[in-house]
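To start, the structure itself, in structure tokens.
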Amino acid sequence: QQQQQHQQHQQQPSNCFQLAAPVAGVSATVAGKVWELSQEATGCREVQRALEEASAEIRRQLASELRGHVWEALRSPHANFVLQKCVSTLEPEALQFIIDEMVLGSAEKAAKSKFGCRVFQRLIERCSGAQVSQLVEAVIADFAAVARHPYGNYVVQHLLEHATPQHRHCLSQLVERDMRGLAADTFGSTVVSGALSKAPQESQLSLARALLREDGLLVFIACSKHGHNAVIRTLQVLKGAEREEARRRLLADEPALRTSRFGRSVLQHA
């Protein structure tokens, strides 16, 4: 009888949340409480550690507890780190629920979210172009607003570097068409600068030429915090007569450029 009671005791679950695979260590302490813990400063670190140490199967099961909470996690200063850890540790196909919920809730809003933009960038790095195509297309559809946004501009720059060749080319064309408007914008100018260094090489040359074509724009943005980097990059991309023309325009306004520390930086490259 004592042996029978001992066997029954061993069969009793230690946690009300049952995983399909056996768990041990920190994974066992977070199972069934992933979303609850993810919203706390200490708890989110515990969940991240569990994701790092768990087997692939256990990771998928722990991450599944975030289903239905992706948008809340995107807005959380703590849970967003758990989402990022999921992206970096799970197989891409296991991340589809995160993508689906972001698309359903508005991918462009996620791109413009303080914490959501980080998750967006990690997904672009980790997943195939086909898997994240809806996320990218949403940014393209709202390009003017996302590119000028304090957080969205980072997503656009990341896409210019990590998206599929077709999407990178499309984004480069959008930057070129809106060159004057973006270059004159505080955050848009960082996109111009980023495109000149991260876009495909042939697109970089086309963008530099477009900046040179805009009358007075080169000198204007040379004195701005973010725009001056675009001018320096333009001088690096252009060759021969085109580079000399860019230098000529800048040096013609040398007195004005010397009144700005950013302008002085540009002159060092001219």
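For the structure tokens, the naming scheme is as follows: chains receive sequential letters (A, B, ...) according to their order of presentation, residues are indexed from 1 within each chain, and ligands are indexed from 1 in presentation order.
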Expected answer as an MDAnalysis selection string: helix (DSSP H, G or I) residues in stretch 73-200 of chain A: chainID A and resid 73:74 79:89 92:105 107:111 116:126 133:141 143:147 152:162 165:177 179:183 188:198
Residues near A:Ala138, cut-off 8 Å, only C-alpha atoms, skip fewer than 2 positions along chain, as JSON, numbers by chain: {"A": [106, 107, 108, 134, 135, 136, 140, 141, 142]}
Spatial neighbours of stretch 36-39 of chain A, 10 Å, only C-alpha atoms, chain gap at least 3 places, as a PyMOL selection string: chain A and resi 30-33+42-48+65-66+72-73+76-83
Selection to disk with C-alpha atoms, as an mmCIF file, in the first residue's frame:
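File produced: selection.cif:
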```cif
data_model
loop_
_atom_site.group_PDB
_atom_site.id
_atom_site.type_symbol
_atom_site.label_atom_id
_atom_site.label_comp_id
_atom_site.auth_asym_id
_atom_site.auth_seq_id
_atom_site.Cartn_x
_atom_site.Cartn_y
_atom_site.Cartn_z
ATOM 1 C CA VAL A 30 8.311 29.455 -16.050
ATOM 2 C CA ALA A 31 6.084 26.903 -17.756
ATOM 3 C CA GLY A 32 2.461 28.014 -17.560
ATOM 4 C CA LYS A 33 3.510 31.525 -16.464
ATOM 5 C CA THR A 42 12.758 40.208 -13.220
ATOM 6 C CA GLY A 43 10.345 37.715 -14.736
ATOM 7 C CA CYS A 44 11.160 38.632 -18.322
ATOM 8 C CA ARG A 45 14.826 37.885 -17.698
ATOM 9 C CA GLU A 46 13.851 34.517 -16.235
ATOM 10 C CA VAL A 47 11.816 33.677 -19.333
ATOM 11 C CA GLN A 48 14.656 34.744 -21.618
ATOM 12 C CA GLU A 65 2.109 30.832 -24.303
ATOM 13 C CA LEU A 66 2.559 34.245 -25.929
ATOM 14 C CA GLU A 72 0.619 43.637 -25.718
ATOM 15 C CA ALA A 73 4.185 42.371 -25.687
ATOM 16 C CA SER A 76 5.685 46.337 -23.051
ATOM 17 C CA PRO A 77 9.116 47.585 -21.925
ATOM 18 C CA HIS A 78 9.788 44.084 -20.586
ATOM 19 C CA ALA A 79 7.861 41.591 -22.726
ATOM 20 C CA ASN A 80 9.328 42.969 -25.951
ATOM 21 C CA PHE A 81 12.657 41.492 -24.898
ATOM 22 C CA VAL A 82 11.015 38.087 -24.548
ATOM 23 C CA LEU A 83 9.642 38.377 -28.076
#
```
Neighbour list for A:Met102 as a list in words, cut-off 10 Å, only C-alpha atoms, skip fewer than 6 positions in-chain: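 Non-adjacent residues within range: Val70, Trp71, Leu74, Gln96, Glu108, Lys109, Ala110, Ala111, Gly116, Val119, Phe120, Gln134 and Leu135 of chain A.
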One-decimal distance in Å that lies between atom CA of A:Val139 and atom CA of A:Thr186: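 Taking atom CA of A:Thr186 as the start and atom CA of A:Val139 as the end point, the length is 18.9 Å.
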